[in-house]
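In what follows, a single structure is set out as structure tokens and then discussed.
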Amino acid sequence: MTRDLYLDMCDQLSAEPITSEIPIELQDLPEEAQEAWTIYCHLTDRIDGFSGHYFGKAYDNITSIFELFQVNDKLPCFKIVLMFDETERNQINSKKKK
């Protein structure tokens with residue numbers, strides 16, 4: 001759900017928006033996280049074709065992507081990308097188990 005949809009829903013229900021429940025959006029994140037998200041989105045997904053298990057992102061071309069987007073601080077950016085990858089991998093695979 002986006003921030004706008006949440007606010008529209010609250011408006012339709014005549015409910016006061018709860019700050020902690022308002023979804024964050026990319027522009028709300030620090031610049032480093034926005035940069036890492038851009039890098040993350042350009043990495044290739046690794047999925048087992050037989051079982052459909054999601055292995056996460058492939059990092060074999062991350063150096064080229066860092067160069068393409070002119071990332072200066074590669075290590076902090078890479079650490080954030082790893083956090084995004086772990087979170088998404090866990091969410092996708094836990095949904096598959098249900």
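We label chains A, B, ... in the order they appear in the structure tokens, count residues from 1 in each chain, and number ligands from 1 in the order shown.
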
Query - Residues near A:Ala36, cut-off 9 Å, only C-alpha atoms, skip fewer than 3 positions along chain, as an MDAnalysis selection string - result: chainID A and resid 31:33 39:41 76:81 84

Produce a file of the selected residues containing all heavy atoms, as a compact mmCIF listing (two decimals), in the first residue's frame.
# COMPACT_ATOMS: atom_id res chain seq x y z
N GLU A 31 19.56 9.15 1.46
CA GLU A 31 20.10 9.08 0.09
C GLU A 31 20.89 7.79 -0.14
O GLU A 31 20.82 7.21 -1.23
CB GLU A 31 21.00 10.30 -0.15
CG GLU A 31 21.41 10.47 -1.59
CD GLU A 31 22.15 11.77 -1.82
OE1 GLU A 31 21.73 12.81 -1.29
OE2 GLU A 31 23.18 11.72 -2.52
N GLU A 32 21.63 7.32 0.86
CA GLU A 32 22.41 6.09 0.72
C GLU A 32 21.50 4.89 0.47
O GLU A 32 21.82 4.01 -0.33
CB GLU A 32 23.26 5.83 1.97
CG GLU A 32 24.30 6.87 2.24
CD GLU A 32 23.77 8.09 2.98
OE1 GLU A 32 22.60 8.09 3.45
OE2 GLU A 32 24.52 9.08 3.09
N ALA A 33 20.37 4.85 1.15
CA ALA A 33 19.43 3.74 0.97
C ALA A 33 18.76 3.83 -0.40
O ALA A 33 18.51 2.80 -1.04
CB ALA A 33 18.38 3.73 2.07
N ILE A 39 20.62 0.22 -7.06
CA ILE A 39 21.56 -0.85 -7.40
C ILE A 39 20.87 -2.21 -7.27
O ILE A 39 20.95 -3.05 -8.17
CB ILE A 39 22.81 -0.80 -6.48
CG1 ILE A 39 23.54 0.55 -6.61
CG2 ILE A 39 23.74 -1.98 -6.74
CD1 ILE A 39 24.03 0.90 -7.98
N TYR A 40 20.18 -2.41 -6.17
CA TYR A 40 19.49 -3.68 -5.91
C TYR A 40 18.52 -4.03 -7.03
O TYR A 40 18.45 -5.18 -7.47
CB TYR A 40 18.76 -3.58 -4.56
CG TYR A 40 17.98 -4.81 -4.22
CD1 TYR A 40 18.62 -5.95 -3.75
CD2 TYR A 40 16.60 -4.84 -4.35
CE1 TYR A 40 17.91 -7.09 -3.44
CE2 TYR A 40 15.88 -5.97 -4.03
CZ TYR A 40 16.54 -7.09 -3.58
OH TYR A 40 15.83 -8.22 -3.28
N CYS A 41 17.77 -3.05 -7.48
CA CYS A 41 16.77 -3.29 -8.53
C CYS A 41 17.38 -3.67 -9.87
O CYS A 41 16.71 -4.25 -10.72
CB CYS A 41 15.87 -2.07 -8.69
SG CYS A 41 14.77 -1.81 -7.28
N PRO A 76 29.49 0.58 2.05
CA PRO A 76 28.22 0.83 2.72
C PRO A 76 27.01 0.54 1.82
O PRO A 76 26.01 -0.02 2.28
CB PRO A 76 28.27 2.32 3.09
CG PRO A 76 29.71 2.68 3.04
CD PRO A 76 30.34 1.77 2.05
N CYS A 77 27.13 0.87 0.56
CA CYS A 77 26.05 0.61 -0.39
C CYS A 77 25.82 -0.90 -0.51
O CYS A 77 24.69 -1.37 -0.48
CB CYS A 77 26.38 1.22 -1.75
SG CYS A 77 25.08 1.03 -2.98
N PHE A 78 26.90 -1.65 -0.61
CA PHE A 78 26.80 -3.10 -0.74
C PHE A 78 26.14 -3.71 0.50
O PHE A 78 25.31 -4.62 0.39
CB PHE A 78 28.18 -3.71 -0.98
CG PHE A 78 28.17 -5.19 -1.17
CD1 PHE A 78 27.54 -5.76 -2.27
CD2 PHE A 78 28.77 -6.03 -0.26
CE1 PHE A 78 27.51 -7.13 -2.46
CE2 PHE A 78 28.75 -7.40 -0.43
CZ PHE A 78 28.13 -7.95 -1.53
N LYS A 79 26.47 -3.21 1.68
CA LYS A 79 25.87 -3.73 2.92
C LYS A 79 24.36 -3.49 2.94
O LYS A 79 23.60 -4.35 3.37
CB LYS A 79 26.53 -3.08 4.13
CG LYS A 79 27.93 -3.60 4.38
CD LYS A 79 28.55 -2.92 5.59
CE LYS A 79 29.95 -3.45 5.85
NZ LYS A 79 30.56 -2.83 7.05
N ILE A 80 23.93 -2.33 2.46
CA ILE A 80 22.49 -2.05 2.40
C ILE A 80 21.82 -2.95 1.38
O ILE A 80 20.73 -3.47 1.61
CB ILE A 80 22.24 -0.56 2.12
CG1 ILE A 80 22.80 0.31 3.24
CG2 ILE A 80 20.75 -0.29 1.94
CD1 ILE A 80 22.81 1.80 2.94
N VAL A 81 22.47 -3.16 0.24
CA VAL A 81 21.93 -4.06 -0.79
C VAL A 81 21.76 -5.46 -0.20
O VAL A 81 20.73 -6.11 -0.43
CB VAL A 81 22.86 -4.09 -2.03
CG1 VAL A 81 22.49 -5.24 -2.97
CG2 VAL A 81 22.80 -2.78 -2.79
N PHE A 84 18.63 -5.53 1.91
CA PHE A 84 17.44 -5.60 1.05
C PHE A 84 17.26 -7.03 0.53
O PHE A 84 16.15 -7.57 0.55
CB PHE A 84 17.55 -4.66 -0.15
CG PHE A 84 17.43 -3.20 0.17
CD1 PHE A 84 18.15 -2.27 -0.57
CD2 PHE A 84 16.60 -2.73 1.18
CE1 PHE A 84 18.04 -0.91 -0.31
CE2 PHE A 84 16.48 -1.38 1.44
CZ PHE A 84 17.21 -0.47 0.70

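Summary of the local environment: counting only C-alpha atoms, residues at most 9 Å from A:Asp60, other than itself and those fewer than 3 positions away along its chain, are Leu43, Thr63 and Ser64 of chain A.
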
Requested in this report: Once DSSP has gone over the backbone, tell me which residues of chain A are in helix (DSSP H, G or I), as a ChimeraX atom specification.
Outcome: /A:3-12,19-21,26-28,31-41,62-68,74-97

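Closest approach to A:Asp8 from the set A:Ile92, A:Ile65, A:Ala58, A:Ile22 is made by A:Ile22, with distances taken over only C-alpha atoms.
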
Query raised in the report: Which residue gives the smallest distance to A:Lys95 among A:Arg3, A:His53, A:Lys74, A:His42, with only C-alpha atoms counted?
Result: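 Residue with the minimum atom-to-atom distance to A:Lys95: A:His53.
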